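Notes follow once the structure below has been shown.
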Amino acid sequence: MSAPKKERILVLDGLRGLAILLVLLFHGYYIWFDYYPYKKLYADHILFKYGSLGVQLFFLISGFVILMSVERTGRFWKFLKNRWIRLFPSMLICSLIVYSTAHFFHERPFGIPPLKSILPGITFINNSILEKIFNTDFPVLELSFWSLFVEVKFYIIFGALYFLFNRNVALGGIFLIYLSALALQLLCLGNIFHETSWMKIYIGSFIHFGWFAAGALTYIYFYNREKKYLWMLISATFSSLLYVIKFQDPVMLVYLVVLCLIFYFALFRKSFGFIFSTRFFKFIGFISYPLYLLHENMLVALIIKFHHYFAGIPYFLLPVISCIFIGGMASLVAYFIEPAFQKVLKKII
């Protein structure tokens, strides 16, 4: 038994919308309290405090989508080309927007970036790795880019294992990589190993691979309702939750479990998934990629600006108004600039 592909994609778009909304709440109300005019006024709100876990929801969705993508692609290099054409245009466009507007948004938490700060984003390589390669600093343009660096590693490793071997090897490989990162994290937490910079890069990159595996197993079970895949995705999900041991925060664990349940119920319960097939969630999901790339520093700067020039705006509305402004920019990128750029790239390559 399987659901129509069109409906399936609509639900995924809506879930992307939920994921980016959670991240926006985290950056707009919680993490940058030193800069907000309202400081820690909303710091105890659970929805805001743990909104960064929306990134894990993105990873679950990616696991589902990428397995679907490789199964529809005949060759590894074609798969990588398709993913690059999907990611690169918005990354370049948004990086240039962020860099060129930084002086206007001078309240940015990360300050005014130098031109070389664009390089990690457009190459999808961690700042820390580039610093080791070139023996120079690469200031962070947008901290949110870290998840794209993780995603690209997943694309390369999973795609290579899939096309060199088969689906089972690819799934087992990325899950074993996750387990190795988890084991290394635990050994460092237990002071058995001293965490070096390379260990930190390894853990930071691969501790999230369990979510990709869980998302890919969800794809398999969605189209092939064999019980073994259900038990495998349940096992992968619970195993992926273990990375939060580092934070020793039971509320974080509960929040993440709830997000996983939302993901699975949206896929397997049509009455629940209908919520994420609504026009609002589909729209937010459609613009989620450029919105994610643009939002963090610009959001904080806009909150400060709006408060300065329009002091009568209630604190709670400052992030909302700022997000609407950034959402407009992201819409222009998603609907017009990115498709035109992608069309040119497809002709060239």
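Chain lettering (A, B, ...) mirrors the order of the structure tokens, residue numbering begins at 1 for each chain separately, and ligand numbering begins at 1 in order of display.
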| Those in stretch 23-263 of chain A with alpha helix (DSSP H) from DSSP, as a ChimeraX atom specification | /A:23-29,46-49,54-71,76-101,119-123,127-134,146-164,167-189,197-206,209-223,227-240,250-263
| request: Would you list the contacts of A:Tyr30 as a ChimeraX atom specification, taking every protein, DNA or RNA residue within 6 Å and counting only C-alpha atoms, but skipping same-chain residues closer than 6 positions in sequence? | output: /A:43,48-49
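With distances restricted to only C-alpha atoms, A:Tyr38 is the closest residue to A:Ile313 from A:Tyr38, A:Ser235, A:Leu267, A:Ala102.
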With 6 Å as the cut-off and only C-alpha atoms counted, what is the closest atom pair between each nearby residue of stretch 1-89 of chain A and stretch 199-220 of chain A? Distances in Å to one decimal, ordered by chain and number, as a Markdown table.
```
| residue | atom | partner | partner_atom | distance |
| --- | --- | --- | --- | --- |
| A:Phe59 | CA | A:Phe212 | CA | 5.6 |
| A:Leu60 | CA | A:Gly215 | CA | 4.3 |
| A:Ile61 | CA | A:Gly215 | CA | 6.0 |
| A:Gly63 | CA | A:Phe212 | CA | 4.0 |
| A:Phe64 | CA | A:Ala216 | CA | 4.4 |
| A:Leu67 | CA | A:Ala216 | CA | 5.8 |
```
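Nearest to A:Phe263 of all the residues A:Asn127, A:Thr237, A:Thr73, A:Thr278 is A:Thr237, based on only C-alpha atoms.
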| request: Write out as a ChimeraX atom specification each polymer residue whose atoms come within 10 Å of A:Leu294, counting only C-alpha atoms; drop sequence neighbours fewer than 6 positions from it. | output: /A:90-91,93-95,97-98,142,144-145,288,326-327,329-330
For the residues selected in the previous step, produce a file with all heavy atoms as an mmCIF file, in the first residue's frame.
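The file below, result29.cif, is the result:
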```cif
data_model
loop_
_atom_site.group_PDB
_atom_site.id
_atom_site.type_symbol
_atom_site.label_atom_id
_atom_site.label_comp_id
_atom_site.auth_asym_id
_atom_site.auth_seq_id
_atom_site.Cartn_x
_atom_site.Cartn_y
_atom_site.Cartn_z
ATOM 1 N N SER A 90 20.878 28.914 -4.650
ATOM 2 C CA SER A 90 20.393 29.666 -3.487
ATOM 3 C C SER A 90 21.523 29.999 -2.522
ATOM 4 O O SER A 90 21.540 31.081 -1.927
ATOM 5 C CB SER A 90 19.306 28.878 -2.754
ATOM 6 O OG SER A 90 18.044 29.082 -3.356
ATOM 7 N N MET A 91 22.460 29.071 -2.367
ATOM 8 C CA MET A 91 23.583 29.333 -1.471
ATOM 9 C C MET A 91 24.400 30.524 -1.967
ATOM 10 O O MET A 91 24.760 31.415 -1.185
ATOM 11 C CB MET A 91 24.473 28.095 -1.338
ATOM 12 C CG MET A 91 25.723 28.309 -0.495
ATOM 13 S SD MET A 91 25.391 28.821 1.210
ATOM 14 C CE MET A 91 25.113 27.227 1.982
ATOM 15 N N ILE A 93 23.425 32.929 -4.149
ATOM 16 C CA ILE A 93 22.586 34.135 -4.138
ATOM 17 C C ILE A 93 22.447 34.685 -2.720
ATOM 18 O O ILE A 93 22.639 35.882 -2.468
ATOM 19 C CB ILE A 93 21.196 33.820 -4.723
ATOM 20 C CG1 ILE A 93 21.307 33.466 -6.209
ATOM 21 C CG2 ILE A 93 20.245 35.002 -4.525
ATOM 22 C CD1 ILE A 93 20.109 32.720 -6.749
ATOM 23 N N CYS A 94 22.113 33.810 -1.775
ATOM 24 C CA CYS A 94 21.875 34.256 -0.399
ATOM 25 C C CYS A 94 23.176 34.701 0.269
ATOM 26 O O CYS A 94 23.176 35.662 1.061
ATOM 27 C CB CYS A 94 21.207 33.142 0.408
ATOM 28 S SG CYS A 94 19.510 32.784 -0.127
ATOM 29 N N SER A 95 24.278 34.030 -0.042
ATOM 30 C CA SER A 95 25.567 34.454 0.507
ATOM 31 C C SER A 95 25.910 35.867 0.038
ATOM 32 O O SER A 95 26.388 36.696 0.825
ATOM 33 C CB SER A 95 26.674 33.479 0.096
ATOM 34 O OG SER A 95 26.478 32.212 0.680
ATOM 35 N N ILE A 97 23.748 38.134 -0.952
ATOM 36 C CA ILE A 97 22.803 39.060 -0.311
ATOM 37 C C ILE A 97 23.253 39.383 1.105
ATOM 38 O O ILE A 97 23.287 40.542 1.520
ATOM 39 C CB ILE A 97 21.375 38.465 -0.298
ATOM 40 C CG1 ILE A 97 20.801 38.407 -1.715
ATOM 41 C CG2 ILE A 97 20.463 39.292 0.608
ATOM 42 C CD1 ILE A 97 19.469 37.683 -1.818
ATOM 43 N N VAL A 98 23.613 38.336 1.855
ATOM 44 C CA VAL A 98 24.060 38.531 3.242
ATOM 45 C C VAL A 98 25.300 39.415 3.279
ATOM 46 O O VAL A 98 25.396 40.357 4.075
ATOM 47 C CB VAL A 98 24.328 37.174 3.920
ATOM 48 C CG1 VAL A 98 25.038 37.370 5.261
ATOM 49 C CG2 VAL A 98 23.025 36.411 4.130
ATOM 50 N N GLU A 142 27.227 32.862 8.165
ATOM 51 C CA GLU A 142 25.983 32.524 8.853
ATOM 52 C C GLU A 142 26.176 31.188 9.557
ATOM 53 O O GLU A 142 26.514 30.190 8.914
ATOM 54 C CB GLU A 142 24.809 32.417 7.867
ATOM 55 C CG GLU A 142 24.368 33.731 7.261
ATOM 56 C CD GLU A 142 23.686 34.653 8.270
ATOM 57 O OE1 GLU A 142 23.172 34.162 9.288
ATOM 58 O OE2 GLU A 142 23.681 35.872 8.029
ATOM 59 N N SER A 144 24.065 29.184 10.624
ATOM 60 C CA SER A 144 23.088 28.194 10.171
ATOM 61 C C SER A 144 23.618 27.307 9.043
ATOM 62 O O SER A 144 23.081 26.211 8.819
ATOM 63 C CB SER A 144 21.814 28.903 9.689
ATOM 64 O OG SER A 144 21.250 29.683 10.705
ATOM 65 N N PHE A 145 24.655 27.754 8.355
ATOM 66 C CA PHE A 145 25.180 26.970 7.233
ATOM 67 C C PHE A 145 25.718 25.609 7.669
ATOM 68 O O PHE A 145 25.920 24.728 6.834
ATOM 69 C CB PHE A 145 26.301 27.739 6.524
ATOM 70 C CG PHE A 145 25.835 28.937 5.721
ATOM 71 C CD1 PHE A 145 24.511 29.337 5.717
ATOM 72 C CD2 PHE A 145 26.747 29.666 4.978
ATOM 73 C CE1 PHE A 145 24.096 30.452 4.997
ATOM 74 C CE2 PHE A 145 26.342 30.771 4.241
ATOM 75 C CZ PHE A 145 25.013 31.170 4.248
ATOM 76 N N SER A 288 11.660 27.581 2.301
ATOM 77 C CA SER A 288 12.431 27.277 3.511
ATOM 78 C C SER A 288 13.948 27.317 3.295
ATOM 79 O O SER A 288 14.679 27.740 4.193
ATOM 80 C CB SER A 288 12.030 25.910 4.072
ATOM 81 O OG SER A 288 12.275 24.873 3.146
ATOM 82 N N ILE A 326 12.033 39.115 5.952
ATOM 83 C CA ILE A 326 13.006 38.162 5.398
ATOM 84 C C ILE A 326 12.308 37.137 4.522
ATOM 85 O O ILE A 326 12.845 36.704 3.487
ATOM 86 C CB ILE A 326 13.796 37.475 6.529
ATOM 87 C CG1 ILE A 326 14.510 38.520 7.385
ATOM 88 C CG2 ILE A 326 14.816 36.482 5.960
ATOM 89 C CD1 ILE A 326 15.100 37.963 8.667
ATOM 90 N N GLY A 327 11.096 36.745 4.914
ATOM 91 C CA GLY A 327 10.326 35.813 4.096
ATOM 92 C C GLY A 327 10.031 36.371 2.717
ATOM 93 O O GLY A 327 10.009 35.628 1.725
ATOM 94 N N MET A 329 12.010 38.423 1.036
ATOM 95 C CA MET A 329 13.258 38.272 0.281
ATOM 96 C C MET A 329 13.455 36.824 -0.150
ATOM 97 O O MET A 329 13.840 36.547 -1.297
ATOM 98 C CB MET A 329 14.441 38.721 1.153
ATOM 99 C CG MET A 329 14.434 40.189 1.511
ATOM 100 S SD MET A 329 15.843 40.655 2.535
ATOM 101 C CE MET A 329 17.191 40.360 1.401
ATOM 102 N N ALA A 330 13.181 35.890 0.759
ATOM 103 C CA ALA A 330 13.334 34.464 0.446
ATOM 104 C C ALA A 330 12.377 34.041 -0.662
ATOM 105 O O ALA A 330 12.717 33.206 -1.509
ATOM 106 C CB ALA A 330 13.099 33.630 1.701
#
```
| message | I'd like the contact shell of A:Leu253 - 9 Å cut-off, only C-alpha atoms, skipping same-chain residues fewer than 5 positions apart - returned as a PyMOL selection string. | response | chain A and resi 241-242+244-245+248+258
| request: Pick out the residues sitting within 12 Å of A:Leu299, and hand them over as an NGL selection string; count only C-alpha atoms, and ignore anything fewer than 4 positions along from it in its own chain. | output: :A and (23-29 or 31-32 or 35-36 or 98 or 102 or 105-109 or 142 or 291-295 or 303-306 or 318-327)
Dump of N, CA and C atoms for the selected residues, as a CSV table (one decimal), in the first residue's frame:
```
chain,number,residue,atom,x,y,z
A,23,VAL,N,13.1,26.9,13.8
A,23,VAL,CA,14.4,27.5,13.8
A,23,VAL,C,14.3,29.0,13.9
A,24,LEU,N,13.3,29.6,13.3
A,24,LEU,CA,13.1,31.0,13.3
A,24,LEU,C,12.7,31.4,14.8
A,25,LEU,N,11.9,30.6,15.4
A,25,LEU,CA,11.5,30.9,16.8
A,25,LEU,C,12.7,30.9,17.7
A,26,PHE,N,13.6,29.9,17.5
A,26,PHE,CA,14.8,29.8,18.3
A,26,PHE,C,15.7,31.0,18.2
A,27,HIS,N,15.9,31.4,16.9
A,27,HIS,CA,16.8,32.6,16.7
A,27,HIS,C,16.1,33.9,17.0
A,28,GLY,N,14.8,34.0,16.9
A,28,GLY,CA,14.1,35.2,17.1
A,28,GLY,C,13.8,35.5,18.6
A,29,TYR,N,13.7,34.5,19.4
A,29,TYR,CA,13.2,34.7,20.8
A,29,TYR,C,14.2,34.2,21.9
A,31,ILE,N,18.1,32.5,21.5
A,31,ILE,CA,19.5,32.3,21.6
A,31,ILE,C,20.3,33.6,21.6
A,32,TRP,N,19.8,34.6,21.0
A,32,TRP,CA,20.6,35.9,20.9
A,32,TRP,C,20.1,36.9,21.9
A,35,TYR,N,21.4,40.5,22.5
A,35,TYR,CA,21.1,41.5,21.4
A,35,TYR,C,19.6,42.0,21.4
A,36,TYR,N,18.7,41.1,21.8
A,36,TYR,CA,17.3,41.4,21.8
A,36,TYR,C,17.0,42.6,22.8
A,98,VAL,N,23.6,38.3,1.9
A,98,VAL,CA,24.1,38.5,3.2
A,98,VAL,C,25.3,39.4,3.3
A,102,ALA,N,25.4,43.4,4.7
A,102,ALA,CA,25.9,43.4,6.1
A,102,ALA,C,26.1,44.7,6.7
A,105,PHE,N,22.8,46.0,7.8
A,105,PHE,CA,22.4,45.2,9.0
A,105,PHE,C,23.6,45.1,9.9
A,106,HIS,N,24.2,46.2,10.3
A,106,HIS,CA,25.5,46.2,11.1
A,106,HIS,C,25.3,45.7,12.5
A,107,GLU,N,24.0,45.6,12.9
A,107,GLU,CA,23.8,45.0,14.3
A,107,GLU,C,23.9,43.5,14.3
A,108,ARG,N,24.3,42.9,13.2
A,108,ARG,CA,24.5,41.4,13.1
A,108,ARG,C,25.4,40.9,14.3
A,109,PRO,N,24.9,39.8,14.9
A,109,PRO,CA,25.7,39.2,16.0
A,109,PRO,C,27.2,38.9,15.5
A,142,GLU,N,27.2,32.9,8.2
A,142,GLU,CA,26.0,32.5,8.9
A,142,GLU,C,26.2,31.2,9.6
A,291,LEU,N,15.1,31.0,3.0
A,291,LEU,CA,14.8,31.6,4.3
A,291,LEU,C,15.8,31.1,5.3
A,292,TYR,N,16.1,29.9,5.3
A,292,TYR,CA,17.1,29.3,6.3
A,292,TYR,C,18.4,30.0,6.1
A,293,LEU,N,18.9,30.1,4.9
A,293,LEU,CA,20.2,30.7,4.6
A,293,LEU,C,20.3,32.2,5.0
A,294,LEU,N,19.2,32.9,4.8
A,294,LEU,CA,19.2,34.4,5.0
A,294,LEU,C,19.0,34.8,6.4
A,295,HIS,N,18.3,34.0,7.2
A,295,HIS,CA,17.5,34.6,8.3
A,295,HIS,C,18.3,35.0,9.6
A,303,ILE,N,15.2,43.0,14.2
A,303,ILE,CA,14.6,43.1,15.5
A,303,ILE,C,15.1,44.4,16.2
A,304,ILE,N,16.4,44.6,16.2
A,304,ILE,CA,17.0,45.8,16.8
A,304,ILE,C,16.6,47.1,16.1
A,305,LYS,N,16.6,47.0,14.8
A,305,LYS,CA,16.2,48.2,14.0
A,305,LYS,C,14.7,48.6,14.2
A,306,PHE,N,13.9,47.6,14.1
A,306,PHE,CA,12.4,47.9,14.2
A,306,PHE,C,12.2,48.5,15.6
A,318,LEU,N,8.1,41.8,17.3
A,318,LEU,CA,9.3,42.2,16.6
A,318,LEU,C,9.9,41.1,15.8
A,319,PRO,N,10.0,39.8,16.3
A,319,PRO,CA,10.5,38.8,15.4
A,319,PRO,C,9.6,38.4,14.3
A,320,VAL,N,8.3,38.5,14.6
A,320,VAL,CA,7.3,38.2,13.6
A,320,VAL,C,7.4,39.1,12.4
A,321,ILE,N,7.4,40.4,12.7
A,321,ILE,CA,7.5,41.4,11.6
A,321,ILE,C,8.8,41.2,10.8
A,322,SER,N,9.9,41.0,11.6
A,322,SER,CA,11.2,40.8,10.9
A,322,SER,C,11.2,39.5,10.0
A,323,CYS,N,10.6,38.4,10.5
A,323,CYS,CA,10.5,37.2,9.7
A,323,CYS,C,9.7,37.4,8.4
A,324,ILE,N,8.6,38.2,8.5
A,324,ILE,CA,7.8,38.5,7.3
A,324,ILE,C,8.7,39.3,6.3
A,325,PHE,N,9.5,40.2,6.7
A,325,PHE,CA,10.4,40.9,5.8
A,325,PHE,C,11.4,40.0,5.2
A,326,ILE,N,12.0,39.1,6.0
A,326,ILE,CA,13.0,38.2,5.4
A,326,ILE,C,12.3,37.1,4.5
A,327,GLY,N,11.1,36.7,4.9
A,327,GLY,CA,10.3,35.8,4.1
A,327,GLY,C,10.0,36.4,2.7
```
| task | Write out as a ChimeraX atom specification each polymer residue whose atoms come within 12 Å of stretch 347-349 of chain A, counting only C-alpha atoms; drop sequence neighbours fewer than 3 positions from it. | result | /A:77-78,81-82,84-85,340-344
| message | At a cut-off of 10 Å, using only C-alpha atoms, what residues contact A:Lys246? Leave out same-chain residues fewer than 5 positions from it and give the result as a VMD selection string. | response | chain A and resid 182 185 to 186 189
Quick one: write out the picked residues with N, CA and C atoms as a compact mmCIF listing (two decimals), in the first residue's frame?
```txt
# COMPACT_ATOMS: atom_id res chain seq x y z
N LEU A 182 28.86 8.74 17.70
CA LEU A 182 28.25 8.68 19.03
C LEU A 182 29.23 8.08 20.04
N GLN A 185 31.89 10.58 20.80
CA GLN A 185 31.35 11.63 21.67
C GLN A 185 31.31 11.17 23.12
N LEU A 186 30.84 9.95 23.35
CA LEU A 186 30.74 9.42 24.71
C LEU A 186 32.12 9.24 25.33
N LEU A 189 33.27 12.66 26.30
CA LEU A 189 32.53 13.13 27.47
C LEU A 189 33.02 12.45 28.74
```
| field | Nearest candidate to A:Met298 (options A:Val251, A:Leu261, A:Ile112, A:Leu161; using only C-alpha atoms) | value |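 Closest to A:Met298, using only C-alpha atoms: A:Ile112.
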| request: In Å, rounded to a single decimal, give me how far atom CA of A:Ile174 is from atom CA of A:Pro89. | output: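 Going from atom CA of A:Pro89 over to atom CA of A:Ile174, I get 27.0 Å.
Proximity of A:Ala334, A:Ile66, A:Ile192, A:Leu115 to A:Phe283, computed with only C-alpha atoms, is greatest for A:Ala334.
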| Which residue out of A:Asn135, A:Asn166, A:Thr123, A:Ser147 has the minimum interatomic distance to A:Phe88 when only C-alpha atoms are used? | A:Thr123
| task | Name the closest residue to A:Phe76 among the candidates A:Ile262, A:Leu187, A:Val140, A:Ala160; distances are taken between atoms, counting only C-alpha atoms. | result | A:Ala160
